[in-house]
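Please read the structure below before turning to the comments.
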Amino acid sequence: MNHLTVSVSPHLRTGDTAKRLMLDVVIALCPNLVASVLLFGARALLLALVCVASCVFFEWGFEKLNHRPSTIGDLSSVVTGLLLAYCLPVSLPVWQAIFGCLVAIVAVKQLFGGIGENFANPAATARIVLAIAFPSTMTAWACKAFPDAVSSATPLALISQDKLSELPTFLQMFLGQHAGCLGETCGLAILLGGIYLLARGVISWHTPVAFIGTVFLMTALLGQQPVYQLLSGGLLLGAFFMATDYVTTPYSAVGKLLFGVGCGLITVLIRVYGNYPEGVSFSILLMNIVTPYLSKITVQKPFGAGGAAK
């Protein structure tokens, strides 16, 4: 008993670190990068590199100015840069992309304390800010797969305008041969990355399945082309890469399911009844706000908690 060591939790540790987890996410996002270059051309790579470099620079610069230890080595800013780039149209001016990176890293992440302290997903929030601030350039779609590449409408826009005869085929949707943002069009690339994250244990199935399943079920009930709804917009990217963020989503299994269902419901309400054809980023941000409450009501009490019965 003289050698008994008493310490606070955690008592069991793994080799997982923030850097290792973020590296897995970067690897999972690589198929999307390849697909975006093939579908949209070299400018897709330029936007991705600009967003990654800007996010890393803003994180380094903010921490330097505030005399904080640098955290750029954990790769979280790289992940934010890639995710934000994937939410942008290929024709977006570079300076607007850089502004979005400033919002994501400084306003959403660093001002709230840095990694692990932000209440909302930085990339999703930055996309909303860009969509509101620059609506014309954020909806200027282009795709090499279309002859009229500059003016091609997205599938969600076609559905909202009741132009169902102009929709691409399911195969074209799955392979990304339609107008949209860089990393949201190719369902195949996103699913490859999502499967990798699930296989590596980086994310659990609860939120993606609940999110995607809710959108499919609700749009089917409302007669709103459920398969197209799944393969359009940012649903798959948001479900696998944004709604599964450790910091801004619940940590219990039940909480993750409720979070996914909430995201799905809000997405459908905005897509079907709102002025915006897309609602994924808005749904994630709104559910991020209620995450603390979901965690509180779904957390499991430790055995014996609550005191002895009187």
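Chain labels A, B, ... are given in the sequence in which chains occur in the structure tokens; within each chain residues are numbered consecutively from 1, and ligands are likewise numbered from 1 in the order shown.
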* Quick one: everything within 12 Å of A:Tyr273, counting only C-alpha atoms, minus sequence neighbours fewer than 5 positions away in the same chain. Send it as an NGL selection string. => :A and (160 or 219 or 222 or 224 or 265-268 or 278-279)
Would you write out those residues with C-alpha atoms, as a JSON list (two decimals), in the first residue's frame?
```json
[["chain", "number", "residue", "atom", "x", "y", "z"],
["A", 160, "SER", "CA", -36.80, 24.32, -55.86],
["A", 219, "THR", "CA", -38.03, 14.60, -48.18],
["A", 222, "LEU", "CA", -42.82, 15.60, -48.65],
["A", 224, "GLN", "CA", -39.05, 16.27, -52.64],
["A", 265, "LEU", "CA", -35.04, 18.39, -39.74],
["A", 266, "ILE", "CA", -33.64, 21.92, -39.98],
["A", 267, "THR", "CA", -31.97, 21.14, -43.31],
["A", 268, "VAL", "CA", -35.26, 19.90, -44.80],
["A", 278, "GLU", "CA", -29.40, 24.78, -49.03],
["A", 279, "GLY", "CA", -29.64, 24.47, -45.26]]
```
* Write down as a PyMOL selection string the residues of stretch 5-198 of chain A whose backbone DSSP state falls under alpha helix (DSSP H). => chain A and resi 18-40+42-65+76-86+94-102+122-133+155-160+170-175+187-198
Near stretch 15-38 of chain A, 8 Å: stretch 94-209 of chain A residue rows, closest pairs, only C-alpha atoms, as CSV:
```
residue,atom,partner,partner_atom,distance
A:Gly176,CA,A:Ala35,CA,8.0
A:Leu182,CA,A:Ser36,CA,5.3
A:Gly183,CA,A:Asn32,CA,5.6
A:Cys186,CA,A:Ala35,CA,6.8
A:Ala189,CA,A:Pro31,CA,5.1
A:Ile190,CA,A:Asn32,CA,6.2
A:Leu192,CA,A:Pro31,CA,7.2
A:Gly193,CA,A:Ala28,CA,4.0
A:Gly194,CA,A:Ala28,CA,6.8
A:Tyr196,CA,A:Ala28,CA,6.2
A:Leu197,CA,A:Ala28,CA,6.6
A:Arg200,CA,A:Asp24,CA,7.9
A:Val202,CA,A:Leu21,CA,6.6
```
* Given only C-alpha atoms as the counted atoms, nearest of A:Gly262, A:Lys163, A:Trp141, A:Leu83 to A:Phe240 ->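 Among A:Gly262, A:Lys163, A:Trp141, A:Leu83, it is A:Leu83 that comes nearest to A:Phe240.
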* To do: Report the distance between atom CA of A:Gln172 and atom CA of A:Arg271 in Å, rounded to one decimal place.
  => 21.3 Å
* Asked: Near A:Ser281, counting only C-alpha atoms, which residues have an atom at most 10 Å away, once you skip same-chain residues fewer than 2 positions from it, shown as a list in words?
  ->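 Here the qualifying residues turn out to be Cys87, Asn121, Ala123, Ala124, Thr125, Ala126, Arg127, Ile128, Gly234, Leu235, Gly238, Met242, Ala243, Cys263, Ile266, Thr267, Glu278, Gly279, Ser283, Ile284, Leu285, Leu286 and Met287 of chain A.
Nearest to A:Ile203 of all the residues A:Val272, A:Val90, A:Ala239, A:Val78 is A:Ala239, counting only C-alpha atoms.
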* Nearest residue to A:Leu257 from the set A:Thr154, A:Ser204, A:Ser77, A:Ser70 (distances using only C-alpha atoms) ->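 Ranked by minimum distance to A:Leu257, first place goes to A:Ser204.
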* Please, what distance in Å, to one decimal, runs between atom CA of A:Val209 and atom CA of A:Leu130? -> 28.1 Å
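Counting only C-alpha atoms, the residue from A:Thr169, A:Ser54, A:Gln229, A:Thr137 that sits nearest to A:Leu102 is A:Ser54.
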